[in-house]
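Trainee: Have a look at this one.
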Amino acid sequence: MRTIRAISLLRNLSLASALLIAPLFAVSIIQADEVDFGVRGGVYPDEEQPFLGGEVLFGMDQTQHWYGNPNVEHVFLDNGGLTTYSFDFHYDFAKRDASTWWAGAGPTLIHRDFDVPPGVDNTDPGVNLLVGVGGTKGKARPYGQFKVIVADDPQAVAGVGVRF
């Protein structure tokens with residue numbers, strides 16, 4: 001019984017976080033000096049299927065260490081699809097001339113697109129925990145990232161992308 005209550009609490013907190021943080025990201029994007037766009041792909045190993053996605057990256061402070069990174073990823077399943085809508089943020093650590101690495105977190109919504117029995121919700125809130133490494137110079141900056149989605153149906157995600 002405690003496990004069900006804990007999951008319900010996590011679910012409600014995640015949804016509330018997403019609803020509160022989304023407007024903050026919108027305001028930050030409008031105020032950001034530089035906004036980058038990117039594409040990403042990789043694999044959701046638990047689903048044994050690839051994903052494709054898109055993202056926006058924008059600085060959230062003058063030190064260029066905190067970044068907002070809202071993104072969408074779609075996993076192509078044999079019997080439908082799984083789509084995540086995330087509002088991640090991360091902190092860039094050792095910024096070097098050509099590369100940096102980061103760690104971050106953020107709320108996410110996971111939507112499974114397939115027939116479910118009536119009354120069953122196929123959208124779950126969760127929280128992303130992520131680490132990554134990527135380039136900092138040039139018009140096209142490649143990166144790699146690993147994240148874990150903490151939710152009712154947890155996921156591990158390995159991906160690569162390019163930001164412009």
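In the structure tokens, the first chain shown is A, the next is B, and so on; residue numbers restart at 1 for each chain, and ligands run from 1 in the order shown.
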Run DSSP on the backbone and grab whatever in region 79-160 of chain A lands in strand (DSSP E or B); send it over as an MDAnalysis selection string.
Mentor: chainID A and resid 80:92 99:113 123:135 141:151 155:160
Trainee: Kindly export the residues of the current selection with C-alpha atoms, as an mmCIF file, in the first residue's frame.
Mentor:
data_model
loop_
_atom_site.group_PDB
_atom_site.id
_atom_site.type_symbol
_atom_site.label_atom_id
_atom_site.label_comp_id
_atom_site.auth_asym_id
_atom_site.auth_seq_id
_atom_site.Cartn_x
_atom_site.Cartn_y
_atom_site.Cartn_z
ATOM 1 C CA GLY A 80 2.232 2.143 -31.463
ATOM 2 C CA GLY A 81 4.602 4.680 -29.998
ATOM 3 C CA LEU A 82 6.001 6.190 -26.843
ATOM 4 C CA THR A 83 6.533 9.952 -26.713
ATOM 5 C CA THR A 84 8.195 11.943 -23.930
ATOM 6 C CA TYR A 85 7.683 15.665 -23.398
ATOM 7 C CA SER A 86 10.454 16.936 -21.112
ATOM 8 C CA PHE A 87 11.451 20.240 -19.507
ATOM 9 C CA ASP A 88 15.052 19.461 -18.556
ATOM 10 C CA PHE A 89 17.665 21.799 -17.188
ATOM 11 C CA HIS A 90 21.353 21.101 -16.687
ATOM 12 C CA TYR A 91 24.519 22.564 -15.253
ATOM 13 C CA ASP A 92 27.630 22.653 -17.456
ATOM 14 C CA SER A 99 33.900 20.517 -24.986
ATOM 15 C CA THR A 100 31.930 20.402 -21.751
ATOM 16 C CA TRP A 101 30.057 17.888 -19.634
ATOM 17 C CA TRP A 102 26.827 18.355 -17.729
ATOM 18 C CA ALA A 103 24.349 16.876 -15.281
ATOM 19 C CA GLY A 104 20.727 17.786 -14.881
ATOM 20 C CA ALA A 105 17.137 16.875 -14.212
ATOM 21 C CA GLY A 106 13.622 17.875 -15.111
ATOM 22 C CA PRO A 107 9.980 16.858 -15.191
ATOM 23 C CA THR A 108 8.652 14.755 -18.060
ATOM 24 C CA LEU A 109 5.386 13.357 -19.350
ATOM 25 C CA ILE A 110 5.450 9.908 -20.970
ATOM 26 C CA HIS A 111 2.631 9.151 -23.412
ATOM 27 C CA ARG A 112 2.092 5.642 -24.782
ATOM 28 C CA ASP A 113 0.145 5.603 -28.042
ATOM 29 C CA THR A 123 0.169 9.264 -19.874
ATOM 30 C CA ASP A 124 2.510 9.119 -16.884
ATOM 31 C CA PRO A 125 4.496 11.914 -15.234
ATOM 32 C CA GLY A 126 8.109 11.327 -14.294
ATOM 33 C CA VAL A 127 11.454 12.937 -13.615
ATOM 34 C CA ASN A 128 14.541 12.807 -15.856
ATOM 35 C CA LEU A 129 18.041 12.457 -14.377
ATOM 36 C CA LEU A 130 20.745 13.001 -17.004
ATOM 37 C CA VAL A 131 24.448 13.340 -17.751
ATOM 38 C CA GLY A 132 26.090 14.281 -21.027
ATOM 39 C CA VAL A 133 29.173 15.472 -22.861
ATOM 40 C CA GLY A 134 29.369 17.630 -25.951
ATOM 41 C CA GLY A 135 31.118 20.135 -28.131
ATOM 42 C CA ARG A 141 27.925 20.839 -31.988
ATOM 43 C CA PRO A 142 27.597 17.066 -31.454
ATOM 44 C CA TYR A 143 26.880 15.555 -28.040
ATOM 45 C CA GLY A 144 26.065 12.325 -26.243
ATOM 46 C CA GLN A 145 23.723 11.938 -23.297
ATOM 47 C CA PHE A 146 22.432 9.250 -20.952
ATOM 48 C CA LYS A 147 19.297 9.688 -18.889
ATOM 49 C CA VAL A 148 17.094 7.716 -16.574
ATOM 50 C CA ILE A 149 13.379 8.465 -16.430
ATOM 51 C CA VAL A 150 12.011 7.850 -12.942
ATOM 52 C CA ALA A 151 8.300 7.025 -13.368
ATOM 53 C CA GLN A 155 13.205 4.020 -18.728
ATOM 54 C CA ALA A 156 16.910 4.303 -19.497
ATOM 55 C CA VAL A 157 17.801 6.315 -22.588
ATOM 56 C CA ALA A 158 21.089 6.523 -24.511
ATOM 57 C CA GLY A 159 21.254 9.181 -27.180
ATOM 58 C CA VAL A 160 23.367 11.371 -29.423
#
Trainee: Hey, can you check how far CA of Phe164 (chain A) sits from CA of Leu57 (chain A)?
Mentor: 9.4 Å
Trainee: Write out as a ChimeraX atom specification the residues lying within 9 Å of Pro50 (chain A), counting only C-alpha atoms and excluding same-chain residues fewer than 5 positions away.
Mentor: /A:41-45,74-77
Trainee: Quick check, in Å to one decimal: how far apart do CA of Gly68 (chain A) and CA of Gly54 (chain A) lie?
Mentor: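 These atoms are spaced 13.7 Å apart.
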Trainee: May I ask for the distance between CA of Val35 (chain A) and CA of Phe51 (chain A), given in Å to one decimal place?
Mentor: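 If I compute the distance from CA of Val35 (chain A) to CA of Phe51 (chain A), I get 23.5 Å.
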